[in-house]
file run_25.json (JSON, C-alpha atoms)
[["chain", "number", "residue", "atom", "x", "y", "z"],
["A", 467, "MET", "CA", 97.13, 109.05, 87.62],
["A", 468, "ARG", "CA", 98.43, 112.43, 88.81],
["A", 469, "ASN", "CA", 100.44, 110.54, 91.41],
["A", 470, "PHE", "CA", 102.79, 109.16, 88.74],
["A", 471, "THR", "CA", 103.69, 112.69, 87.71],
["A", 472, "GLU", "CA", 104.21, 113.73, 91.31],
["A", 473, "SER", "CA", 106.57, 110.76, 91.84],
["A", 474, "ALA", "CA", 108.61, 111.38, 88.68],
["A", 475, "ARG", "CA", 109.09, 115.05, 89.69],
["A", 476, "PRO", "CA", 109.39, 116.71, 86.29],
["A", 477, "PRO", "CA", 110.42, 120.37, 86.49],
["A", 478, "ARG", "CA", 107.26, 121.73, 84.81],
["A", 479, "THR", "CA", 103.96, 119.96, 84.16],
["A", 480, "VAL", "CA", 100.53, 120.66, 82.74],
["A", 481, "PHE", "CA", 98.07, 117.96, 83.80],
["A", 482, "LEU", "CA", 94.75, 116.92, 82.28],
["A", 483, "GLU", "CA", 92.33, 114.46, 83.81],
["A", 484, "TRP", "CA", 91.68, 112.83, 80.44],
["A", 485, "PRO", "CA", 91.68, 109.12, 79.56],
["A", 486, "MET", "CA", 95.07, 107.42, 79.29],
["A", 487, "GLY", "CA", 96.49, 107.52, 75.80],
["A", 488, "HIS", "CA", 95.08, 110.98, 75.07],
["A", 489, "PRO", "CA", 97.50, 113.59, 76.48],
["A", 490, "LEU", "CA", 96.82, 115.89, 73.52],
["A", 491, "GLY", "CA", 93.13, 115.01, 73.20],
["A", 492, "GLU", "CA", 91.07, 113.47, 70.44],
["A", 493, "PRO", "CA", 92.34, 112.16, 67.08],
["A", 494, "GLY", "CA", 91.92, 114.73, 64.33],
["A", 495, "ASN", "CA", 90.99, 117.54, 66.73],
["A", 496, "VAL", "CA", 93.73, 119.94, 65.68],
["A", 497, "ALA", "CA", 92.37, 122.90, 67.66],
["A", 498, "GLN", "CA", 92.24, 120.87, 70.87],
["A", 499, "GLN", "CA", 95.75, 119.47, 70.38],
["A", 500, "MET", "CA", 97.11, 122.93, 69.64],
["A", 501, "ARG", "CA", 95.49, 124.40, 72.75],
["A", 502, "VAL", "CA", 97.17, 121.83, 75.01],
["A", 503, "ILE", "CA", 100.56, 122.35, 73.36],
["A", 504, "ARG", "CA", 100.31, 126.13, 73.65],
["A", 505, "ASP", "CA", 99.40, 125.78, 77.33],
["A", 506, "ALA", "CA", 102.41, 123.49, 77.84],
["A", 507, "LEU", "CA", 104.73, 125.92, 76.06],
["A", 508, "SER", "CA", 103.33, 128.81, 78.11],
["A", 509, "ALA", "CA", 104.01, 126.81, 81.27],
["A", 510, "LEU", "CA", 107.64, 126.50, 80.21],
["A", 511, "VAL", "CA", 107.96, 130.26, 80.60],
["A", 512, "GLU", "CA", 105.45, 130.89, 83.39],
["A", 513, "ILE", "CA", 106.46, 128.23, 85.92],
["A", 514, "LYS", "CA", 109.15, 129.57, 88.22],
["A", 515, "GLU", "CA", 109.04, 126.96, 91.00],
["A", 516, "PRO", "CA", 110.57, 123.54, 90.15],
["A", 517, "GLY", "CA", 108.02, 120.73, 90.31],
["A", 518, "THR", "CA", 104.97, 122.90, 89.68],
["A", 519, "ILE", "CA", 101.98, 121.06, 88.21],
["A", 520, "ILE", "CA", 99.35, 123.20, 86.47],
["A", 521, "ASP", "CA", 95.94, 121.50, 86.29],
["A", 522, "LEU", "CA", 94.38, 122.56, 83.01],
["A", 523, "PRO", "CA", 90.62, 123.19, 83.26],
["A", 524, "TYR", "CA", 89.51, 121.32, 80.16],
["A", 525, "ARG", "CA", 87.04, 118.46, 80.69],
["A", 526, "TRP", "CA", 86.90, 115.37, 78.53],
["A", 527, "GLY", "CA", 83.96, 115.94, 76.25],
["A", 528, "ARG", "CA", 83.70, 113.05, 73.81],
["A", 529, "GLN", "CA", 80.23, 111.69, 74.39],
["A", 530, "GLU", "CA", 80.96, 108.04, 73.57],
["A", 531, "ASP", "CA", 83.56, 107.91, 76.34],
["A", 532, "ILE", "CA", 81.27, 109.63, 78.84],
["A", 533, "SER", "CA", 78.46, 107.18, 77.97],
["A", 534, "ALA", "CA", 80.76, 104.20, 78.44],
["A", 535, "PHE", "CA", 81.82, 105.60, 81.82],
["A", 536, "GLU", "CA", 78.20, 106.10, 82.94],
["A", 537, "CYS", "CA", 77.13, 102.64, 81.75],
["A", 538, "ALA", "CA", 79.95, 100.98, 83.66],
["A", 539, "CYS", "CA", 79.15, 102.97, 86.80],
["A", 540, "ASP", "CA", 75.46, 102.01, 86.54],
["A", 541, "GLY", "CA", 76.46, 98.38, 86.28],
["A", 542, "ASP", "CA", 78.46, 98.61, 89.50],
["A", 543, "GLU", "CA", 75.51, 99.75, 91.53],
["B", 1303, "MET", "CA", 97.72, 85.31, 77.04],
["B", 1304, "GLY", "CA", 99.63, 87.77, 79.22],
["B", 1305, "ARG", "CA", 99.62, 90.38, 76.45],
["B", 1306, "LEU", "CA", 95.87, 89.95, 75.92],
["B", 1307, "LYS", "CA", 95.22, 90.46, 79.63],
["B", 1308, "ASN", "CA", 97.37, 93.62, 79.64],
["B", 1309, "LYS", "CA", 95.58, 95.01, 76.58],
["B", 1310, "LEU", "CA", 92.13, 94.34, 78.06],
["B", 1311, "PHE", "CA", 93.11, 96.01, 81.33],
["B", 1312, "ALA", "CA", 94.47, 98.97, 79.36],
["B", 1313, "LYS", "CA", 91.18, 99.35, 77.49],
["B", 1314, "ILE", "CA", 89.22, 99.34, 80.75],
["B", 1315, "LEU", "CA", 91.55, 101.93, 82.31],
["B", 1316, "THR", "CA", 91.24, 104.17, 79.27],
["B", 1317, "ARG", "CA", 87.45, 104.12, 79.43],
["B", 1318, "LEU", "CA", 87.34, 104.39, 83.23],
["B", 1319, "PRO", "CA", 89.94, 106.94, 84.31],
["B", 1320, "ALA", "CA", 88.36, 107.02, 87.77],
["B", 1321, "LEU", "CA", 89.38, 103.38, 88.20],
["B", 1322, "GLY", "CA", 93.00, 104.27, 87.49],
["B", 1323, "THR", "CA", 92.81, 107.05, 90.05],
["B", 1324, "ALA", "CA", 91.34, 104.66, 92.62],
["B", 1325, "LEU", "CA", 93.95, 101.99, 91.96],
["B", 1326, "PHE", "CA", 97.07, 104.10, 91.72],
["B", 1327, "ASP", "CA", 96.56, 107.48, 93.35],
["B", 1328, "LYS", "CA", 96.14, 106.14, 96.88],
["B", 1329, "LYS", "CA", 99.76, 105.08, 97.12],
["B", 1330, "GLY", "CA", 102.21, 107.51, 98.64],
["B", 1331, "ASN", "CA", 104.68, 106.97, 95.80],
["B", 1332, "ALA", "CA", 103.23, 105.64, 92.57],
["B", 1333, "ILE", "CA", 106.54, 104.45, 91.12],
["B", 1334, "GLU", "CA", 108.15, 101.70, 93.15],
["B", 1335, "GLY", "CA", 111.86, 102.13, 93.69],
["B", 1336, "LEU", "CA", 111.82, 105.77, 92.63],
["B", 1337, "SER", "CA", 112.96, 108.23, 95.24],
["B", 1338, "LEU", "CA", 114.05, 111.57, 93.85],
["B", 1339, "GLU", "CA", 115.37, 114.20, 96.21],
["B", 1340, "THR", "CA", 115.90, 116.94, 93.69],
["B", 1341, "ILE", "CA", 114.01, 118.31, 90.72],
["B", 1342, "PRO", "CA", 116.06, 119.10, 87.62],
["B", 1343, "TRP", "CA", 115.80, 122.75, 86.63],
["B", 1344, "THR", "CA", 117.09, 124.67, 83.67],
["B", 1345, "PRO", "CA", 116.03, 128.33, 83.50],
["B", 1346, "VAL", "CA", 114.47, 129.62, 80.29],
["B", 1347, "THR", "CA", 116.83, 132.17, 78.79],
["B", 1348, "LYS", "CA", 115.35, 132.95, 75.38],
["B", 1349, "PRO", "CA", 111.91, 133.44, 73.84],
["B", 1350, "LEU", "CA", 110.06, 130.43, 72.39],
["B", 1351, "SER", "CA", 110.28, 131.99, 68.95],
["B", 1352, "GLU", "CA", 114.06, 131.60, 69.12],
["B", 1353, "SER", "CA", 114.11, 128.24, 70.91],
["B", 1354, "THR", "CA", 114.81, 124.75, 69.61],
["B", 1355, "ILE", "CA", 112.32, 122.25, 70.98],
["B", 1356, "ALA", "CA", 112.51, 118.45, 71.17],
["B", 1357, "LEU", "CA", 109.81, 115.84, 71.66],
["B", 1358, "VAL", "CA", 110.27, 112.83, 73.92],
["B", 1359, "THR", "CA", 107.35, 110.47, 74.32],
["B", 1360, "THR", "CA", 106.79, 107.43, 76.51],
["B", 1361, "ALA", "CA", 103.88, 106.25, 74.34],
["B", 1362, "GLY", "CA", 105.78, 103.32, 72.80],
["B", 1363, "ILE", "CA", 106.31, 104.96, 69.41],
["B", 1364, "HIS", "CA", 108.92, 103.65, 66.99],
["B", 1365, "LEU", "CA", 109.55, 103.30, 63.28],
["B", 1366, "LYS", "CA", 108.13, 100.21, 61.63],
["B", 1367, "SER", "CA", 111.69, 99.33, 60.58],
["B", 1368, "GLN", "CA", 112.95, 99.37, 64.20],
["B", 1369, "THR", "CA", 112.78, 96.58, 66.77],
["B", 1370, "PRO", "CA", 109.48, 96.92, 68.68],
["B", 1371, "PHE", "CA", 109.53, 97.52, 72.43],
["B", 1372, "ASP", "CA", 109.60, 94.29, 74.47],
["B", 1373, "MET", "CA", 106.08, 93.34, 75.51],
["B", 1374, "HIS", "CA", 107.03, 89.98, 76.99],
["B", 1375, "ASP", "CA", 109.12, 91.28, 79.90],
["B", 1376, "SER", "CA", 106.70, 92.22, 82.69],
["B", 1377, "MET", "CA", 109.20, 94.82, 83.93],
["B", 1378, "GLY", "CA", 108.90, 96.69, 80.65],
["B", 1379, "ASP", "CA", 111.58, 97.94, 78.27],
["B", 1380, "PRO", "CA", 113.91, 100.82, 79.29],
["B", 1381, "THR", "CA", 115.42, 101.28, 75.80],
["B", 1382, "PHE", "CA", 114.59, 104.10, 73.39],
["B", 1383, "ARG", "CA", 114.09, 104.59, 69.66],
["B", 1384, "GLU", "CA", 115.23, 107.45, 67.44],
["B", 1385, "LEU", "CA", 112.34, 109.24, 65.74],
["B", 1386, "PRO", "CA", 113.77, 111.36, 62.90],
["B", 1387, "LEU", "CA", 111.77, 114.49, 62.20],
["B", 1388, "ASP", "CA", 111.63, 113.68, 58.50],
["B", 1389, "THR", "CA", 110.04, 110.25, 59.04],
["B", 1390, "PRO", "CA", 107.36, 109.80, 56.34],
["B", 1391, "PRO", "CA", 103.76, 109.66, 57.57],
["B", 1392, "GLY", "CA", 102.75, 106.06, 58.05],
["B", 1393, "GLU", "CA", 106.23, 104.91, 59.04],
["B", 1394, "LEU", "CA", 105.54, 105.40, 62.73],
["B", 1395, "THR", "CA", 103.82, 102.73, 64.80],
["B", 1396, "ILE", "CA", 103.09, 102.00, 68.46],
["B", 1397, "THR", "CA", 104.07, 98.95, 70.51],
["B", 1398, "HIS", "CA", 102.69, 99.37, 74.04],
["B", 1399, "ASP", "CA", 100.17, 96.99, 75.64],
["B", 1400, "TYR", "CA", 99.66, 99.03, 78.78],
["B", 1401, "TYR", "CA", 97.35, 101.72, 77.41],
["B", 1402, "ASP", "CA", 94.70, 101.69, 74.71],
["B", 1403, "HIS", "CA", 96.30, 103.40, 71.70],
["B", 1404, "ALA", "CA", 93.45, 102.89, 69.24],
["B", 1405, "ASP", "CA", 92.98, 106.68, 68.97],
["B", 1406, "ALA", "CA", 96.72, 107.33, 68.73],
["B", 1407, "ASP", "CA", 96.88, 104.76, 65.92],
["B", 1408, "LYS", "CA", 94.39, 106.94, 64.03],
["B", 1409, "ASP", "CA", 96.27, 110.18, 64.75],
["B", 1410, "ILE", "CA", 99.78, 109.92, 66.20],
["B", 1411, "ASN", "CA", 99.56, 113.59, 67.29],
["B", 1412, "VAL", "CA", 97.35, 112.47, 70.18],
["B", 1413, "VAL", "CA", 100.52, 111.22, 71.92],
["B", 1414, "TYR", "CA", 103.36, 112.55, 69.72],
["B", 1415, "PRO", "CA", 102.36, 115.99, 68.40],
["B", 1416, "VAL", "CA", 104.99, 116.24, 65.69],
["B", 1417, "ASP", "CA", 102.65, 117.74, 63.07],
["B", 1418, "ARG", "CA", 101.36, 120.38, 65.50],
["B", 1419, "MET", "CA", 104.94, 121.33, 66.43],
["B", 1420, "ARG", "CA", 105.87, 121.71, 62.77],
["B", 1421, "GLU", "CA", 102.88, 124.03, 62.35],
["B", 1422, "LEU", "CA", 104.07, 126.12, 65.30],
["B", 1423, "VAL", "CA", 107.49, 126.44, 63.67],
["B", 1424, "GLU", "CA", 105.87, 127.53, 60.39],
["B", 1425, "ALA", "CA", 103.79, 130.08, 62.33],
["B", 1426, "GLY", "CA", 106.94, 131.43, 63.99],
["B", 1427, "GLU", "CA", 105.73, 130.64, 67.50],
["B", 1428, "ILE", "CA", 108.70, 128.38, 68.17],
["B", 1429, "GLY", "CA", 112.12, 128.64, 66.57],
["B", 1430, "SER", "CA", 112.87, 125.13, 65.38],
["B", 1431, "LEU", "CA", 112.73, 121.43, 66.19],
["B", 1432, "VAL", "CA", 115.63, 119.05, 66.72],
["B", 1433, "PRO", "CA", 116.21, 116.71, 63.76],
["B", 1434, "VAL", "CA", 115.70, 113.57, 65.85],
["B", 1435, "ASN", "CA", 113.14, 113.07, 68.63],
["B", 1436, "PHE", "CA", 113.03, 110.05, 70.95],
["B", 1437, "GLY", "CA", 110.51, 107.38, 71.87],
["B", 1438, "PHE", "CA", 110.38, 105.38, 75.10],
["B", 1439, "MET", "CA", 107.89, 102.81, 76.35],
["B", 1440, "GLY", "CA", 106.38, 104.15, 79.56],
["B", 1441, "HIS", "CA", 105.75, 100.90, 81.40],
["B", 1442, "ILE", "CA", 109.05, 100.69, 83.31],
["B", 1443, "ASP", "CA", 109.22, 98.75, 86.53],
["B", 1444, "GLY", "CA", 111.63, 97.05, 88.95],
["B", 1445, "HIS", "CA", 115.33, 97.21, 88.17],
["B", 1446, "TYR", "CA", 114.65, 98.92, 84.83],
["B", 1447, "VAL", "CA", 113.75, 102.15, 86.67],
["B", 1448, "LYS", "CA", 117.42, 102.44, 87.73],
["B", 1449, "ARG", "CA", 118.62, 101.69, 84.20],
["B", 1450, "LEU", "CA", 116.31, 104.32, 82.78],
["B", 1451, "ILE", "CA", 117.49, 106.95, 85.27],
["B", 1452, "GLU", "CA", 121.21, 106.12, 85.12],
["B", 1453, "GLN", "CA", 121.72, 105.04, 81.51],
["B", 1454, "THR", "CA", 119.11, 105.47, 78.80],
["B", 1455, "GLY", "CA", 117.56, 108.68, 80.14],
["B", 1456, "PRO", "CA", 120.91, 110.53, 80.46],
["B", 1457, "GLU", "CA", 122.02, 109.21, 77.05],
["B", 1458, "VAL", "CA", 118.97, 110.76, 75.40],
["B", 1459, "ALA", "CA", 119.46, 113.98, 77.37],
["B", 1460, "ASP", "CA", 123.08, 114.20, 76.17],
["B", 1461, "ARG", "CA", 122.04, 113.65, 72.57],
["B", 1462, "LEU", "CA", 119.33, 116.31, 72.80],
["B", 1463, "LYS", "CA", 121.84, 118.78, 74.23],
["B", 1464, "ALA", "CA", 124.25, 117.97, 71.41],
["B", 1465, "MET", "CA", 121.48, 118.76, 68.90],
["B", 1466, "GLY", "CA", 120.95, 122.15, 70.53],
["B", 1467, "ALA", "CA", 117.63, 121.51, 72.26],
["B", 1468, "ASP", "CA", 116.61, 124.38, 74.54],
["B", 1469, "ALA", "CA", 113.55, 122.58, 75.93],
["B", 1470, "VAL", "CA", 111.84, 119.20, 75.69],
["B", 1471, "LEU", "CA", 108.12, 118.50, 75.54],
["B", 1472, "LEU", "CA", 107.49, 115.14, 77.25],
["B", 1473, "THR", "CA", 104.29, 113.31, 76.40],
["B", 1474, "PRO", "CA", 103.00, 110.12, 78.04],
["B", 1475, "GLY", "CA", 100.89, 107.33, 76.58]]
call {"tool": "encode", "arguments": {"input": "run_25.json", "output": "structure tokens"}}
result
Amino acid sequence: MRNFTESARPPRTVFLEWPMGHPLGEPGNVAQQMRVIRDALSALVEIKEPGTIIDLPYRWGRQEDISAFECACDGDE
Amino acid sequence: MGRLKNKLFAKILTRLPALGTALFDKKGNAIEGLSLETIPWTPVTKPLSESTIALVTTAGIHLKSQTPFDMHDSMGDPTFRELPLDTPPGELTITHDYYDHADADKDINVVYPVDRMRELVEAGEIGSLVPVNFGFMGHIDGHYVKRLIEQTGPEVADRLKAMGADAVLLTPG
């Protein structure tokens, strides 16, 4: 869904390839939410070129979502 | 029936982000009717610890006492809702059929990190928060894109400026 961000052209962006509805991460995971916010606030200061998108390196780790993804992919084959 | 179909599709997209990428990321411009030639830019002139920050979310958040976003118009709903900072926990809710907000229903900070921002103020990492944040519903299509850009978006921007916001953290659904 990165294309939506590219089309809307916000001045500064941090992007995560996480499931829709989870821009800050998992419910109740305060440390994870805080990490994303701090990265976004850092980007406010660090980004000097309008339209820059920083891809954050964090991978989605919740096992139940990964399992659902793998099951669905298996079913497609 | 239309709402049920939208909710089911949203659940599938949430569990299969690769499907969303395949469906939407192949287009040259993901948002029909949107052609922006310039990128808005306001330089940062003060440290975060002295800055006033606002939250604007497109996750469909509103107060239970407010009119929910319109889920029956397939073009979406370009209006916004005021989200006062002092809203009691449990008074916020989500009306948005186009993403699966089951996790956000459990913890609103997943899409609207108001508690985390308060903690950053208490820790002195950011200066303050505006007294009223704003909620939109992110599924905007057709002629509502123009209305969002020319009317409701600028209205919220003006109100944030009037409240002294130095920067805005935008969060999607």
call {"tool": "atom_distance", "arguments": {"input": "run_25.json", "atom1": "atom CA of A:Gln499", "atom2": "atom CA of B:Thr1381"}}
result
27.3 Å
call {"tool": "interface_residues", "arguments": {"input": "run_25.json", "of": "chain A", "to": "chain B", "cutoff": "9 Å", "atoms": "all atoms listed in the file", "output": "PDB file with C-alpha atoms, keeping the file's coordinate frame"}}
result
ATOM      1  CA  MET A 467      97.130 109.050  87.620  1.00  0.00           C
ATOM      2  CA  ARG A 468      98.430 112.430  88.810  1.00  0.00           C
ATOM      3  CA  ASN A 469     100.440 110.540  91.410  1.00  0.00           C
ATOM      4  CA  PHE A 470     102.790 109.160  88.740  1.00  0.00           C
ATOM      5  CA  THR A 471     103.690 112.690  87.710  1.00  0.00           C
ATOM      6  CA  GLU A 472     104.210 113.730  91.310  1.00  0.00           C
ATOM      7  CA  SER A 473     106.570 110.760  91.840  1.00  0.00           C
ATOM      8  CA  ALA A 474     108.610 111.380  88.680  1.00  0.00           C
ATOM      9  CA  ARG A 475     109.090 115.050  89.690  1.00  0.00           C
ATOM     10  CA  PRO A 476     109.390 116.710  86.290  1.00  0.00           C
ATOM     11  CA  PRO A 477     110.420 120.370  86.490  1.00  0.00           C
ATOM     12  CA  ARG A 478     107.260 121.730  84.810  1.00  0.00           C
ATOM     13  CA  GLU A 483      92.330 114.460  83.810  1.00  0.00           C
ATOM     14  CA  TRP A 484      91.680 112.830  80.440  1.00  0.00           C
ATOM     15  CA  PRO A 485      91.680 109.120  79.560  1.00  0.00           C
ATOM     16  CA  MET A 486      95.070 107.420  79.290  1.00  0.00           C
ATOM     17  CA  GLY A 487      96.490 107.520  75.800  1.00  0.00           C
ATOM     18  CA  HIS A 488      95.080 110.980  75.070  1.00  0.00           C
ATOM     19  CA  PRO A 489      97.500 113.590  76.480  1.00  0.00           C
ATOM     20  CA  LEU A 490      96.820 115.890  73.520  1.00  0.00           C
ATOM     21  CA  GLY A 491      93.130 115.010  73.200  1.00  0.00           C
ATOM     22  CA  GLU A 492      91.070 113.470  70.440  1.00  0.00           C
ATOM     23  CA  PRO A 493      92.340 112.160  67.080  1.00  0.00           C
ATOM     24  CA  GLY A 494      91.920 114.730  64.330  1.00  0.00           C
ATOM     25  CA  ASN A 495      90.990 117.540  66.730  1.00  0.00           C
ATOM     26  CA  VAL A 496      93.730 119.940  65.680  1.00  0.00           C
ATOM     27  CA  GLN A 499      95.750 119.470  70.380  1.00  0.00           C
ATOM     28  CA  MET A 500      97.110 122.930  69.640  1.00  0.00           C
ATOM     29  CA  ILE A 503     100.560 122.350  73.360  1.00  0.00           C
ATOM     30  CA  ALA A 506     102.410 123.490  77.840  1.00  0.00           C
ATOM     31  CA  LEU A 507     104.730 125.920  76.060  1.00  0.00           C
ATOM     32  CA  SER A 508     103.330 128.810  78.110  1.00  0.00           C
ATOM     33  CA  LEU A 510     107.640 126.500  80.210  1.00  0.00           C
ATOM     34  CA  VAL A 511     107.960 130.260  80.600  1.00  0.00           C
ATOM     35  CA  LYS A 514     109.150 129.570  88.220  1.00  0.00           C
ATOM     36  CA  PRO A 516     110.570 123.540  90.150  1.00  0.00           C
ATOM     37  CA  GLY A 517     108.020 120.730  90.310  1.00  0.00           C
ATOM     38  CA  ASP A 531      83.560 107.910  76.340  1.00  0.00           C
ATOM     39  CA  ILE A 532      81.270 109.630  78.840  1.00  0.00           C
ATOM     40  CA  ALA A 534      80.760 104.200  78.440  1.00  0.00           C
ATOM     41  CA  PHE A 535      81.820 105.600  81.820  1.00  0.00           C
ATOM     42  CA  ALA A 538      79.950 100.980  83.660  1.00  0.00           C
TER      43      ALA A 538
END
call {"tool": "axis_aligned_box", "arguments": {"input": "run_25.json", "around": "stretch 1335-1349 of chain B", "padding_each_side": "5 Å", "output": "AutoDock Vina command-line options"}}
result
--center_x 114.5 --center_y 117.8 --center_z 85.0 --size_x 15.3 --size_y 41.3 --size_z 32.4
call {"tool": "atom_distance", "arguments": {"input": "run_25.json", "atom1": "atom CA of B:Ile1451", "atom2": "atom CA of B:Gly1466"}}
result
21.5 Å
call {"tool": "atom_distance", "arguments": {"input": "run_25.json", "atom1": "atom CA of B:Ala1356", "atom2": "atom CA of A:Asp521"}}
result
22.6 Å
call {"tool": "build_atoms", "arguments": {"input": "run_25.json", "residues": "stretch 470-490 of chain A", "atoms": "N, CA, C and O atoms", "output": "PDB file, in the frame of the given file"}}
result
ATOM      1  N   PHE A 470     101.600 109.561  89.498  1.00  0.00           N
ATOM      2  CA  PHE A 470     102.790 109.160  88.740  1.00  0.00           C
ATOM      3  C   PHE A 470     103.644 110.387  88.409  1.00  0.00           C
ATOM      4  O   PHE A 470     104.871 110.360  88.515  1.00  0.00           O
ATOM      5  N   THR A 471     102.969 111.454  88.018  1.00  0.00           N
ATOM      6  CA  THR A 471     103.690 112.690  87.710  1.00  0.00           C
ATOM      7  C   THR A 471     104.364 113.253  88.947  1.00  0.00           C
ATOM      8  O   THR A 471     105.519 113.675  88.910  1.00  0.00           O
ATOM      9  N   GLU A 472     103.634 113.211  90.064  1.00  0.00           N
ATOM     10  CA  GLU A 472     104.210 113.730  91.310  1.00  0.00           C
ATOM     11  C   GLU A 472     105.451 112.929  91.706  1.00  0.00           C
ATOM     12  O   GLU A 472     106.423 113.478  92.221  1.00  0.00           O
ATOM     13  N   SER A 473     105.431 111.614  91.465  1.00  0.00           N
ATOM     14  CA  SER A 473     106.570 110.760  91.840  1.00  0.00           C
ATOM     15  C   SER A 473     107.776 110.995  90.931  1.00  0.00           C
ATOM     16  O   SER A 473     108.920 110.947  91.374  1.00  0.00           O
ATOM     17  N   ALA A 474     107.513 111.208  89.638  1.00  0.00           N
ATOM     18  CA  ALA A 474     108.610 111.380  88.680  1.00  0.00           C
ATOM     19  C   ALA A 474     109.267 112.756  88.805  1.00  0.00           C
ATOM     20  O   ALA A 474     110.387 112.951  88.344  1.00  0.00           O
ATOM     21  N   ARG A 475     108.565 113.704  89.395  1.00  0.00           N
ATOM     22  CA  ARG A 475     109.090 115.050  89.690  1.00  0.00           C
ATOM     23  C   ARG A 475     109.668 115.774  88.475  1.00  0.00           C
ATOM     24  O   ARG A 475     110.828 116.230  88.498  1.00  0.00           O
ATOM     25  N   PRO A 476     108.911 115.893  87.405  1.00  0.00           N
ATOM     26  CA  PRO A 476     109.390 116.710  86.290  1.00  0.00           C
ATOM     27  C   PRO A 476     109.432 118.190  86.694  1.00  0.00           C
ATOM     28  O   PRO A 476     108.689 118.604  87.586  1.00  0.00           O
ATOM     29  N   PRO A 477     110.284 118.962  86.071  1.00  0.00           N
ATOM     30  CA  PRO A 477     110.420 120.370  86.490  1.00  0.00           C
ATOM     31  C   PRO A 477     109.161 121.206  86.250  1.00  0.00           C
ATOM     32  O   PRO A 477     108.820 122.070  87.061  1.00  0.00           O
ATOM     33  N   ARG A 478     108.465 120.933  85.139  1.00  0.00           N
ATOM     34  CA  ARG A 478     107.260 121.730  84.810  1.00  0.00           C
ATOM     35  C   ARG A 478     106.234 120.776  84.200  1.00  0.00           C
ATOM     36  O   ARG A 478     106.575 119.998  83.309  1.00  0.00           O
ATOM     37  N   THR A 479     104.987 120.886  84.663  1.00  0.00           N
ATOM     38  CA  THR A 479     103.960 119.960  84.160  1.00  0.00           C
ATOM     39  C   THR A 479     102.640 120.692  83.937  1.00  0.00           C
ATOM     40  O   THR A 479     102.250 121.552  84.730  1.00  0.00           O
ATOM     41  N   VAL A 480     101.959 120.351  82.847  1.00  0.00           N
ATOM     42  CA  VAL A 480     100.530 120.660  82.740  1.00  0.00           C
ATOM     43  C   VAL A 480      99.799 119.314  82.763  1.00  0.00           C
ATOM     44  O   VAL A 480     100.196 118.370  82.082  1.00  0.00           O
ATOM     45  N   PHE A 481      98.759 119.234  83.584  1.00  0.00           N
ATOM     46  CA  PHE A 481      98.070 117.960  83.800  1.00  0.00           C
ATOM     47  C   PHE A 481      96.619 118.069  83.362  1.00  0.00           C
ATOM     48  O   PHE A 481      95.947 119.069  83.603  1.00  0.00           O
ATOM     49  N   LEU A 482      96.148 116.989  82.708  1.00  0.00           N
ATOM     50  CA  LEU A 482      94.750 116.920  82.280  1.00  0.00           C
ATOM     51  C   LEU A 482      94.154 115.610  82.777  1.00  0.00           C
ATOM     52  O   LEU A 482      94.773 114.557  82.625  1.00  0.00           O
ATOM     53  N   GLU A 483      92.985 115.682  83.356  1.00  0.00           N
ATOM     54  CA  GLU A 483      92.330 114.460  83.810  1.00  0.00           C
ATOM     55  C   GLU A 483      91.537 113.861  82.644  1.00  0.00           C
ATOM     56  O   GLU A 483      90.301 113.823  82.663  1.00  0.00           O
ATOM     57  N   TRP A 484      92.261 113.437  81.639  1.00  0.00           N
ATOM     58  CA  TRP A 484      91.680 112.830  80.440  1.00  0.00           C
ATOM     59  C   TRP A 484      92.050 111.354  80.414  1.00  0.00           C
ATOM     60  O   TRP A 484      92.984 110.935  81.106  1.00  0.00           O
ATOM     61  N   PRO A 485      91.365 110.551  79.610  1.00  0.00           N
ATOM     62  CA  PRO A 485      91.680 109.120  79.560  1.00  0.00           C
ATOM     63  C   PRO A 485      93.135 108.875  79.156  1.00  0.00           C
ATOM     64  O   PRO A 485      93.713 109.639  78.370  1.00  0.00           O
ATOM     65  N   MET A 486      93.706 107.803  79.699  1.00  0.00           N
ATOM     66  CA  MET A 486      95.070 107.420  79.290  1.00  0.00           C
ATOM     67  C   MET A 486      95.146 107.308  77.769  1.00  0.00           C
ATOM     68  O   MET A 486      94.182 106.939  77.109  1.00  0.00           O
ATOM     69  N   GLY A 487      96.314 107.631  77.248  1.00  0.00           N
ATOM     70  CA  GLY A 487      96.490 107.520  75.800  1.00  0.00           C
ATOM     71  C   GLY A 487      95.992 108.724  75.035  1.00  0.00           C
ATOM     72  O   GLY A 487      95.982 108.706  73.803  1.00  0.00           O
ATOM     73  N   HIS A 488      95.601 109.781  75.734  1.00  0.00           N
ATOM     74  CA  HIS A 488      95.080 110.980  75.070  1.00  0.00           C
ATOM     75  C   HIS A 488      95.648 112.259  75.670  1.00  0.00           C
ATOM     76  O   HIS A 488      94.887 113.187  75.984  1.00  0.00           O
ATOM     77  N   PRO A 489      96.969 112.363  75.852  1.00  0.00           N
ATOM     78  CA  PRO A 489      97.500 113.590  76.480  1.00  0.00           C
ATOM     79  C   PRO A 489      97.229 114.857  75.668  1.00  0.00           C
ATOM     80  O   PRO A 489      97.140 115.940  76.232  1.00  0.00           O
ATOM     81  N   LEU A 490      97.091 114.713  74.356  1.00  0.00           N
ATOM     82  CA  LEU A 490      96.820 115.890  73.520  1.00  0.00           C
ATOM     83  C   LEU A 490      95.349 115.953  73.116  1.00  0.00           C
ATOM     84  O   LEU A 490      94.950 116.878  72.400  1.00  0.00           O
TER      85      LEU A 490
END
